[in-house]
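target-v1.csv (CSV, C-alpha atoms)
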```
chain,number,residue,atom,x,y,z
A,1,MET,CA,12.6,4.5,10.0
A,2,VAL,CA,14.8,4.4,7.0
A,3,ILE,CA,11.8,4.4,4.8
A,4,SER,CA,10.4,7.5,6.6
A,5,LYS,CA,13.7,9.3,6.1
A,6,LEU,CA,13.7,8.5,2.4
A,7,GLN,CA,10.2,9.8,2.2
A,8,VAL,CA,11.1,13.1,3.8
A,9,GLU,CA,14.3,13.5,1.7
A,10,ALA,CA,12.3,12.9,-1.4
A,11,ILE,CA,9.6,15.4,-0.4
A,12,GLN,CA,12.3,18.0,0.4
A,13,ALA,CA,13.8,17.5,-3.0
A,14,GLN,CA,10.5,18.0,-4.8
A,15,LEU,CA,9.6,21.0,-2.7
A,16,SER,CA,12.9,22.7,-3.3
A,17,GLU,CA,12.5,22.1,-7.0
A,18,ARG,CA,9.0,23.3,-7.2
A,19,LEU,CA,9.1,26.3,-4.8
A,20,GLU,CA,10.9,29.6,-5.2
A,21,VAL,CA,10.9,30.3,-1.5
A,22,PRO,CA,13.1,28.6,1.1
A,23,VAL,CA,11.5,25.5,2.4
A,24,LYS,CA,12.6,22.9,4.9
A,25,ALA,CA,11.0,19.5,5.5
A,26,VAL,CA,12.0,17.5,8.6
A,27,LEU,CA,10.9,14.1,10.0
A,28,ALA,CA,9.7,13.6,13.5
A,29,MET,CA,8.2,10.8,15.4
A,30,CYS,CA,5.2,11.0,17.7
A,31,TYR,CA,6.9,8.5,20.1
A,32,GLY,CA,10.7,8.0,20.3
A,33,LYS,CA,13.3,9.8,18.1
A,34,PRO,CA,13.6,12.1,16.3
A,35,SER,CA,11.2,13.8,18.6
A,36,ILE,CA,8.6,16.3,17.7
A,37,GLN,CA,10.4,18.8,19.9
A,38,SER,CA,13.6,18.4,17.9
A,39,GLY,CA,11.7,18.6,14.6
A,40,LEU,CA,10.1,21.8,15.6
A,41,GLN,CA,13.4,23.2,16.9
A,42,GLN,CA,15.1,22.3,13.6
A,43,LEU,CA,12.4,24.2,11.7
A,44,LYS,CA,12.7,27.2,14.0
A,45,GLU,CA,16.5,27.2,13.3
A,46,ALA,CA,15.8,27.2,9.6
A,47,GLY,CA,13.7,30.3,10.1
A,48,ALA,CA,10.4,28.6,9.4
A,49,GLN,CA,7.7,31.0,10.6
A,50,GLN,CA,5.0,29.1,8.8
A,51,ILE,CA,4.8,25.4,9.5
A,52,LEU,CA,2.7,22.8,7.9
A,53,VAL,CA,2.3,19.6,9.9
A,54,LEU,CA,1.8,16.5,7.8
A,55,PRO,CA,1.1,13.3,9.8
A,56,LEU,CA,1.5,10.3,7.5
A,57,TYR,CA,-1.8,8.9,8.6
A,58,PRO,CA,-4.2,9.1,5.6
A,59,GLN,CA,-7.3,8.3,7.7
A,60,TYR,CA,-8.0,10.5,10.7
A,61,SER,CA,-8.2,8.9,14.1
A,62,ALA,CA,-8.0,10.5,17.5
A,63,SER,CA,-5.6,7.8,18.5
A,64,THR,CA,-3.1,8.8,15.8
A,65,THR,CA,-3.7,12.2,14.2
A,66,ALA,CA,-5.0,13.9,17.4
A,67,ALA,CA,-2.2,12.4,19.4
A,68,ALA,CA,0.2,14.0,17.0
A,69,PHE,CA,-1.6,17.4,17.4
A,70,ASP,CA,-1.3,17.1,21.2
A,71,ALA,CA,2.4,16.5,21.0
A,72,ILE,CA,2.9,19.6,18.8
A,73,ALA,CA,0.8,21.7,21.1
A,74,ALA,CA,2.8,20.5,24.1
A,75,GLU,CA,6.0,21.6,22.6
A,76,LEU,CA,4.6,24.9,21.3
A,77,ARG,CA,3.4,25.8,24.8
A,78,GLN,CA,7.1,26.5,25.5
A,79,TRP,CA,7.5,28.9,22.7
A,80,ARG,CA,7.1,32.7,23.0
A,81,TRP,CA,6.9,33.4,19.3
A,82,LEU,CA,4.6,30.9,17.7
A,83,PRO,CA,4.9,30.0,14.0
A,84,GLU,CA,1.8,30.1,11.8
A,85,LEU,CA,0.5,26.6,11.7
A,86,SER,CA,-1.4,24.4,9.3
A,87,PHE,CA,-2.3,20.8,10.0
A,88,VAL,CA,-3.2,18.1,7.6
A,89,ASN,CA,-6.0,16.2,9.3
A,90,HIS,CA,-6.3,13.5,6.7
A,91,TYR,CA,-5.9,12.7,3.1
A,92,HIS,CA,-7.9,9.6,2.8
A,93,ASP,CA,-9.7,10.7,-0.3
A,94,ASP,CA,-6.9,12.6,-2.0
A,95,GLY,CA,-6.8,11.9,-5.7
A,96,GLY,CA,-3.0,11.5,-5.8
A,97,TYR,CA,-3.0,9.1,-2.9
A,98,ILE,CA,-5.8,7.0,-4.3
A,99,ALA,CA,-4.0,7.0,-7.7
A,100,ALA,CA,-0.8,5.9,-6.2
A,101,LEU,CA,-2.5,3.1,-4.4
A,102,ALA,CA,-4.3,2.0,-7.5
A,103,GLN,CA,-1.0,2.1,-9.5
A,104,SER,CA,0.8,0.0,-6.9
A,105,VAL,CA,-2.0,-2.6,-7.2
A,106,ARG,CA,-1.9,-2.6,-11.0
A,107,GLN,CA,1.9,-2.9,-10.9
A,108,PHE,CA,1.6,-5.9,-8.5
A,109,TRP,CA,-1.0,-7.5,-10.8
A,110,SER,CA,1.3,-7.2,-13.7
A,111,GLU,CA,3.9,-9.3,-11.9
A,112,LYS,CA,1.7,-11.7,-9.9
A,113,GLY,CA,-1.7,-11.7,-11.7
A,114,ARG,CA,-5.1,-10.8,-10.4
A,115,PRO,CA,-6.5,-12.4,-7.3
A,116,ASP,CA,-10.0,-13.8,-6.6
A,117,LYS,CA,-10.3,-11.1,-4.0
A,118,LEU,CA,-8.4,-7.9,-3.0
A,119,MET,CA,-8.4,-7.4,0.7
A,120,MET,CA,-7.9,-3.9,2.0
A,121,SER,CA,-6.8,-4.3,5.6
A,122,PHE,CA,-6.7,-1.3,7.9
A,123,HIS,CA,-5.4,-1.1,11.4
A,124,GLY,CA,-8.3,-1.5,13.8
A,125,ILE,CA,-9.4,0.7,16.7
A,126,PRO,CA,-11.8,-0.3,19.5
A,127,GLN,CA,-15.5,-0.1,18.5
A,128,ASP,CA,-16.3,2.3,21.3
A,129,TYR,CA,-13.9,5.0,19.8
A,130,PHE,CA,-16.0,4.9,16.7
A,131,ASP,CA,-19.2,5.0,18.8
A,132,LYS,CA,-17.9,8.1,20.5
A,133,GLY,CA,-17.5,9.8,17.1
A,134,ASP,CA,-14.1,9.0,15.7
A,135,PRO,CA,-14.5,9.2,11.9
A,136,TYR,CA,-11.7,6.6,11.2
A,137,PHE,CA,-14.1,3.8,10.2
A,138,CYS,CA,-15.9,6.0,7.6
A,139,GLU,CA,-12.6,7.4,6.2
A,140,CYS,CA,-11.2,3.9,5.8
A,141,HIS,CA,-14.4,2.9,3.9
A,142,LYS,CA,-14.1,6.0,1.7
A,143,THR,CA,-10.5,5.1,0.8
A,144,GLY,CA,-11.6,1.6,0.1
A,145,ARG,CA,-14.5,2.6,-2.1
A,146,LEU,CA,-12.4,5.1,-4.1
A,147,LEU,CA,-9.6,2.5,-4.6
A,148,ALA,CA,-12.1,-0.1,-5.7
A,149,GLU,CA,-13.5,2.4,-8.2
A,150,ALA,CA,-10.1,3.3,-9.5
A,151,LEU,CA,-9.4,-0.3,-10.1
A,152,GLU,CA,-12.9,-0.9,-11.5
A,153,LEU,CA,-13.6,-3.8,-9.1
A,154,THR,CA,-17.0,-5.3,-8.6
A,155,ASP,CA,-18.3,-5.7,-5.0
A,156,GLU,CA,-17.4,-9.3,-5.0
A,157,GLN,CA,-13.8,-8.6,-6.0
A,158,TRP,CA,-12.8,-6.8,-2.8
A,159,VAL,CA,-13.3,-6.7,0.9
A,160,LEU,CA,-12.4,-4.2,3.6
A,161,THR,CA,-11.3,-5.5,7.0
A,162,PHE,CA,-9.6,-4.3,10.2
A,163,GLN,CA,-6.6,-6.0,11.7
A,164,SER,CA,-4.7,-6.2,15.0
A,165,ARG,CA,-7.4,-6.2,17.6
A,166,LEU,CA,-6.2,-6.6,21.1
A,167,GLY,CA,-7.9,-7.4,24.4
A,168,PRO,CA,-11.4,-8.4,25.2
A,169,LYS,CA,-13.2,-5.4,23.8
A,170,LYS,CA,-15.0,-5.3,20.5
A,171,TRP,CA,-12.9,-3.7,17.7
A,172,LEU,CA,-14.0,-2.4,14.2
A,173,GLN,CA,-15.2,-5.3,12.1
A,174,PRO,CA,-14.9,-7.4,10.0
A,175,TYR,CA,-11.7,-8.7,11.4
A,176,THR,CA,-8.9,-9.4,9.0
A,177,ASP,CA,-7.9,-12.8,10.4
A,178,LEU,CA,-11.4,-14.2,10.7
A,179,THR,CA,-12.2,-13.0,7.2
A,180,LEU,CA,-9.2,-14.7,5.8
A,181,LYS,CA,-10.2,-17.9,7.6
A,182,SER,CA,-13.6,-17.8,6.0
A,183,LEU,CA,-12.6,-16.9,2.5
A,184,PRO,CA,-11.4,-20.3,1.2
A,185,GLU,CA,-14.8,-22.0,1.9
A,186,GLN,CA,-16.4,-19.3,-0.1
A,187,GLY,CA,-14.3,-20.3,-3.1
A,188,VAL,CA,-11.7,-17.6,-2.7
A,189,LYS,CA,-8.4,-19.4,-3.2
A,190,HIS,CA,-6.2,-16.5,-4.2
A,191,VAL,CA,-6.2,-13.4,-2.1
A,192,GLN,CA,-4.0,-10.2,-2.2
A,193,VAL,CA,-3.8,-8.0,0.8
A,194,ILE,CA,-3.0,-4.3,0.8
A,195,CYS,CA,-2.8,-2.0,3.8
A,196,PRO,CA,-3.7,1.5,2.5
A,197,GLY,CA,-3.6,3.1,6.0
A,198,PHE,CA,0.1,2.5,6.3
A,199,SER,CA,2.4,5.0,4.5
A,200,ALA,CA,5.4,2.7,5.1
A,201,ASP,CA,6.0,-0.9,5.8
A,202,CYS,CA,6.6,-1.7,9.4
A,203,LEU,CA,6.7,-4.6,11.8
A,204,GLU,CA,2.9,-4.9,11.8
A,205,THR,CA,2.5,-5.1,8.0
A,206,LEU,CA,5.5,-7.3,7.6
A,207,GLU,CA,4.9,-9.7,10.5
A,208,GLU,CA,1.2,-9.8,11.0
A,209,ILE,CA,-0.1,-9.2,7.5
A,210,ALA,CA,2.6,-10.7,5.3
A,211,MET,CA,3.4,-13.7,7.5
A,212,GLU,CA,0.9,-14.6,10.2
A,213,ASN,CA,-2.2,-14.0,8.1
A,214,ARG,CA,-0.7,-16.0,5.2
A,215,ASP,CA,-0.6,-19.0,7.6
A,216,THR,CA,-4.2,-18.4,8.6
A,217,PHE,CA,-5.4,-18.3,5.0
A,218,ILE,CA,-3.4,-21.3,3.8
A,219,GLU,CA,-4.4,-23.4,6.8
A,220,ALA,CA,-8.0,-22.6,6.0
A,221,GLY,CA,-7.6,-24.0,2.5
A,222,GLY,CA,-6.4,-21.0,0.6
A,223,GLU,CA,-3.9,-21.5,-2.2
A,224,THR,CA,-2.1,-18.2,-2.9
A,225,TYR,CA,-1.6,-15.3,-0.5
A,226,ASP,CA,0.1,-12.2,-1.7
A,227,TYR,CA,1.0,-9.1,0.3
A,228,ILE,CA,1.1,-5.8,-1.7
A,229,PRO,CA,3.8,-3.6,-0.1
A,230,CYS,CA,3.0,-0.1,1.2
A,231,LEU,CA,3.6,2.9,-0.9
A,232,ASN,CA,6.8,3.7,1.0
A,233,ALA,CA,9.0,6.0,-1.1
A,234,GLN,CA,7.5,5.2,-4.5
A,235,PRO,CA,7.7,8.3,-6.7
A,236,ASP,CA,3.9,8.7,-7.2
A,237,HIS,CA,3.4,8.5,-3.4
A,238,ILE,CA,6.0,11.2,-2.9
A,239,LYS,CA,4.4,13.3,-5.6
A,240,ALA,CA,1.0,12.9,-4.0
A,241,LEU,CA,2.3,13.9,-0.6
A,242,THR,CA,4.2,16.8,-2.1
A,243,ASP,CA,1.1,18.0,-3.9
A,244,ILE,CA,-0.8,17.9,-0.6
A,245,VAL,CA,1.9,20.1,1.0
A,246,LEU,CA,2.0,22.5,-2.0
A,247,GLU,CA,-1.8,23.0,-1.9
A,248,ARG,CA,-1.7,23.9,1.8
A,249,VAL,CA,1.4,26.1,1.7
A,250,GLN,CA,0.4,28.1,-1.4
A,251,PRO,CA,-1.1,31.0,0.4
A,252,TRP,CA,2.1,31.3,2.5
A,253,VAL,CA,4.2,31.1,-0.7
A,254,ASN,CA,2.1,33.8,-2.3
A,255,ARG,CA,2.6,36.1,0.7
A,256,LEU,CA,6.3,35.4,0.9
A,257,GLU,CA,6.8,36.1,-2.8
A,258,ARG,CA,4.9,39.3,-2.5
A,259,SER,CA,7.0,40.5,0.4
A,260,GLY,CA,10.3,38.9,-0.4
A,261,THR,CA,12.1,38.4,2.9
A,262,LEU,CA,11.0,40.3,5.9
A,263,PRO,CA,10.8,44.0,4.8
A,264,GLU,CA,13.6,46.0,6.2
A,265,LYS,CA,11.2,48.6,7.4
A,266,THR,CA,9.8,46.1,9.8
A,267,GLN,CA,13.2,45.4,11.2
A,268,VAL,CA,14.0,49.0,11.6
A,269,GLU,CA,10.8,49.7,13.4
A,270,ALA,CA,11.2,46.7,15.6
A,271,LYS,CA,14.7,47.8,16.6
A,272,ALA,CA,13.5,51.3,17.2
A,273,LYS,CA,11.0,49.9,19.7
A,274,GLY,CA,13.7,48.1,21.6
A,275,ALA,CA,14.1,44.7,19.9
A,276,GLU,CA,17.6,43.4,20.3
A,277,SER,CA,17.9,41.6,17.0
B,1,MET,CA,11.0,28.9,30.5
B,2,MET,CA,10.3,30.1,27.0
B,3,THR,CA,12.8,29.1,24.3
B,4,THR,CA,14.6,31.7,22.2
B,5,ALA,CA,12.4,33.5,19.7
B,6,PHE,CA,12.9,33.8,16.0
B,7,GLN,CA,15.4,36.6,15.1
B,8,HIS,CA,13.9,39.7,13.6
B,9,ASP,CA,16.3,39.5,10.7
B,10,THR,CA,15.6,35.8,9.9
B,11,VAL,CA,14.9,35.1,6.3
B,12,PRO,CA,11.4,33.5,6.5
B,13,ALA,CA,11.1,30.0,5.3
B,14,ILE,CA,8.3,27.5,5.1
B,15,GLY,CA,8.6,24.5,7.3
B,16,VAL,CA,7.1,21.1,6.8
B,17,LEU,CA,7.0,18.7,9.8
B,18,VAL,CA,6.4,15.2,8.5
B,19,LEU,CA,5.2,12.9,11.3
B,20,ASN,CA,5.0,9.2,11.7
B,21,LEU,CA,4.5,7.0,14.7
B,22,GLY,CA,8.0,6.1,15.7
B,23,THR,CA,10.2,3.2,16.8
B,24,PRO,CA,12.4,2.3,19.7
B,25,ASP,CA,16.0,3.6,19.6
B,26,THR,CA,17.4,0.1,19.6
B,27,CYS,CA,16.2,-3.4,20.0
B,28,SER,CA,17.3,-3.6,23.6
B,29,LYS,CA,14.7,-4.4,26.2
B,30,LYS,CA,15.3,-1.1,28.0
B,31,ASP,CA,14.7,1.0,24.9
B,32,VAL,CA,11.7,-1.0,23.9
B,33,LYS,CA,10.3,-0.6,27.3
B,34,ARG,CA,10.8,3.1,27.3
B,35,TYR,CA,9.2,3.4,23.9
B,36,LEU,CA,6.2,1.3,24.8
B,37,LYS,CA,5.7,3.3,28.0
B,38,GLU,CA,5.6,6.6,26.1
B,39,PHE,CA,3.3,5.2,23.4
B,40,LEU,CA,0.9,3.3,25.6
B,41,TRP,CA,0.6,6.0,28.3
B,42,ASP,CA,-0.8,8.4,25.7
B,43,PRO,CA,-4.5,8.8,26.7
B,44,ARG,CA,-5.3,9.3,23.0
B,45,VAL,CA,-4.0,5.8,22.3
B,46,VAL,CA,-5.5,3.9,25.2
B,47,GLU,CA,-8.7,5.3,26.6
B,48,VAL,CA,-8.8,3.4,29.8
B,49,PRO,CA,-9.2,5.2,33.2
B,50,ARG,CA,-5.6,6.2,34.2
B,51,PRO,CA,-5.3,4.5,37.6
B,52,LEU,CA,-6.4,1.2,36.2
B,53,TRP,CA,-4.3,1.5,33.1
B,54,TRP,CA,-1.3,2.6,35.1
B,55,LEU,CA,-1.5,-0.7,37.0
B,56,VAL,CA,-2.0,-2.8,33.9
B,57,LEU,CA,0.7,-1.0,31.9
B,58,ASN,CA,3.4,-1.0,34.6
B,59,PHE,CA,2.8,-4.3,36.2
B,60,VAL,CA,1.6,-6.5,33.3
B,61,ILE,CA,2.4,-5.1,29.9
B,62,LEU,CA,5.8,-3.5,30.5
B,63,ASN,CA,6.9,-6.6,32.4
B,64,THR,CA,6.1,-9.0,29.6
B,65,ARG,CA,5.9,-7.3,26.2
B,66,PRO,CA,9.3,-5.6,25.9
B,67,LYS,CA,11.2,-8.8,26.2
B,68,ARG,CA,9.2,-10.5,23.5
B,69,SER,CA,9.1,-7.5,21.3
B,70,ALA,CA,12.8,-6.9,21.6
B,71,ALA,CA,13.3,-10.4,20.6
B,72,ALA,CA,11.3,-9.9,17.4
B,73,MET,CA,12.9,-6.6,16.4
B,74,PRO,CA,16.2,-7.9,15.1
B,75,LYS,CA,14.3,-9.9,12.5
B,76,PHE,CA,13.4,-6.7,10.9
B,77,GLY,CA,16.3,-4.5,11.7
B,78,GLN,CA,16.0,-0.9,12.6
B,79,SER,CA,14.8,0.1,9.1
B,80,LYS,CA,11.2,-1.0,9.6
B,81,ALA,CA,9.5,1.6,11.7
B,82,PRO,CA,6.8,-0.3,13.5
B,83,PRO,CA,3.7,1.8,13.9
B,84,TYR,CA,1.4,0.1,16.3
B,85,TRP,CA,3.7,-2.8,16.6
B,86,LEU,CA,2.6,-3.6,20.1
B,87,PHE,CA,-1.0,-3.5,19.3
B,88,PRO,CA,-1.2,-6.4,16.9
B,89,SER,CA,-2.4,-9.4,18.6
B,90,CYS,CA,1.0,-10.5,17.6
B,91,LYS,CA,2.4,-13.5,19.2
B,92,LEU,CA,5.8,-12.4,18.2
B,93,LYS,CA,6.9,-15.9,17.8
B,94,PRO,CA,10.2,-16.8,16.3
B,95,PHE,CA,10.0,-16.2,12.6
B,96,LYS,CA,10.3,-19.2,10.5
B,97,ARG,CA,9.5,-17.8,7.1
B,98,SER,CA,11.4,-15.5,4.8
B,99,PHE,CA,9.7,-12.6,3.2
B,100,ARG,CA,8.7,-14.3,0.0
B,101,ASN,CA,6.5,-11.5,-1.3
B,102,VAL,CA,7.8,-8.5,0.6
```
Just give me the structure as structure tokens.
Amino acid sequence: MVISKLQVEAIQAQLSERLEVPVKAVLAMCYGKPSIQSGLQQLKEAGAQQILVLPLYPQYSASTTAAAFDAIAAELRQWRWLPELSFVNHYHDDGGYIAALAQSVRQFWSEKGRPDKLMMSFHGIPQDYFDKGDPYFCECHKTGRLLAEALELTDEQWVLTFQSRLGPKKWLQPYTDLTLKSLPEQGVKHVQVICPGFSADCLETLEEIAMENRDTFIEAGGETYDYIPCLNAQPDHIKALTDIVLERVQPWVNRLERSGTLPEKTQVEAKAKGAES
Amino acid sequence: MMTTAFQHDTVPAIGVLVLNLGTPDTCSKKDVKRYLKEFLWDPRVVEVPRPLWWLVLNFVILNTRPKRSAAAMPKFGQSKAPPYWLFPSCKLKPFKRSFRNV
């Protein structure tokens, strides 16, 4: 939560610096607090008649991105005067995001050295979500391929896996834990794991990936297991996110700059027709 | 009931709503339970027929998971927002290791 707040504060600072028009960035959580309702209310109080929604889920999935959209829609059903809306579905192949990931890996290499294999581990979803048309699997693979290209890795130097399966159903494969178990016998003694799908470190990355999976790998005969932290509030991550925002809001900015604030004429006409304020 | 509209004389601004998954308010069992219920009842998250899922969620998961999860939370403090932290096949066992590389 603290990481998310830092991210939003940093995005706000960059937006204020780079935009001439008033801009307000707020944080909301899809579950728990601060709620989406309070986030939207805050934006309304700030006079935001154009709202860009940026879910920090780089790869689209119905279980995350679409759930966020549902929550926005549920709140806006209560509003009489809707804002203009734009919604970032995904940024899995965004150049700035990929570059920030690549930079974080290179930075890590400069401190810890290069591994035998770089493992890109994404959160899994049940296989049948994919079979029904969820693009998540494909978007994870595109992120993986672009990151591998940016790092100039050969096919043998990286692997893409899915973590955190739960229950009896089949989830996206290959599974992170089983892959880690099998790597040492293939001669991979040093592995580094990165979770490109997480914009901030959390219990799952810290507990499951950084700790439990280390045990799995070491017990299977591995020697060195490193976890590469998420992008969190690193400056190039913030810049990438800010660039995504700026690209999307540019038409609104242009329009606001052309019109200044709401033209007085509009207000006069509205009041003449009976508006109270 | 519709909420208050924008005022006609509002200076227009651009709003950015940054979203992430969320975290329970506190580590208490009650808050963890409330959070899990909200998260896991979302039909986008768990695509299991509702009557069946209602039973599993209310009689099994919410009676076992919050206690274990709440016990795990203080290890990380409130600062680590835990997206999907229920979903990991996590055993949420007591943590013996420090974060050597985190």
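You can rank B:Phe59, B:Thr64, B:Gly22, B:Arg50 by their closest distance to Tyr35 of chain B using only C-alpha atoms, and at the top of that list sits B:Gly22.
The nearest approach to Asn58 of chain B among the residues B:Val46, B:Leu40, B:Leu19, B:Thr26, with all atoms listed in the file taken into account, belongs to B:Leu40.
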Problem - Proximal residues of chain A relative to chain B (all atoms listed in the file; 7 Å) as a VMD selection string - result: chain A and resid 1 to 3 8 21 to 33 39 43 to 44 46 to 56 62 to 63 67 78 to 81 164 to 166 201 to 204 208 226 to 227 229 261 to 262 267 277
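Counting from atom CA of Phe69 of chain A, the distance to atom CA of Gln173 of chain A is 27.0 Å.
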Selection near segment 88-102 of chain A, 6 Å with all atoms listed in the file, sequence-local residues under 3 positions removed, as a PDB file with C-alpha atoms, in the coordinates of the input:
```
ATOM      1  CA  LEU A  54       1.800  16.500   7.800  1.00  0.00           C
ATOM      2  CA  PRO A  58      -4.200   9.100   5.600  1.00  0.00           C
ATOM      3  CA  GLN A  59      -7.300   8.300   7.700  1.00  0.00           C
ATOM      4  CA  TYR A  60      -8.000  10.500  10.700  1.00  0.00           C
ATOM      5  CA  VAL A 105      -2.000  -2.600  -7.200  1.00  0.00           C
ATOM      6  CA  THR A 143     -10.500   5.100   0.800  1.00  0.00           C
ATOM      7  CA  LEU A 147      -9.600   2.500  -4.600  1.00  0.00           C
ATOM      8  CA  ASP A 236       3.900   8.700  -7.200  1.00  0.00           C
ATOM      9  CA  HIS A 237       3.400   8.500  -3.400  1.00  0.00           C
ATOM     10  CA  ALA A 240       1.000  12.900  -4.000  1.00  0.00           C
TER      11      ALA A 240
END
```
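Here atom CA of Phe162 of chain A is placed at a distance of 11.3 Å from atom CA of Leu180 of chain A.
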Exercise for the section: For Arg145 of chain A, list every protein, DNA or RNA residue within 12 Å, evaluated using all atoms listed in the file, and leave out those in the same chain fewer than 6 positions away; present the list as a list in words. Expected result: His92, Asp93, Ile98, Ala102, Met120, Cys138, Glu139, Leu151, Glu152, Leu153, Thr154, Asp155, Gln157, Trp158, Val159, Leu160 and Pro196 of chain A
Exercise for the section: Record the distance separating atom CA of Phe108 of chain A and atom CA of Phe137 of chain A, expressed in Å with one decimal. Expected result: 26.3 Å
Handout entry: Residue nearest Glu84 of chain A - candidates A:Gln37, A:Pro251, A:Tyr175, A:Pro184, atoms counted: all atoms listed in the file
Key = A:Pro251
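Residue nearest Pro168 of chain A within the list A:Gln127, A:Thr205, A:Gln192, A:Ser182: A:Gln127 [criterion: smallest interatomic distance, all atoms listed in the file].
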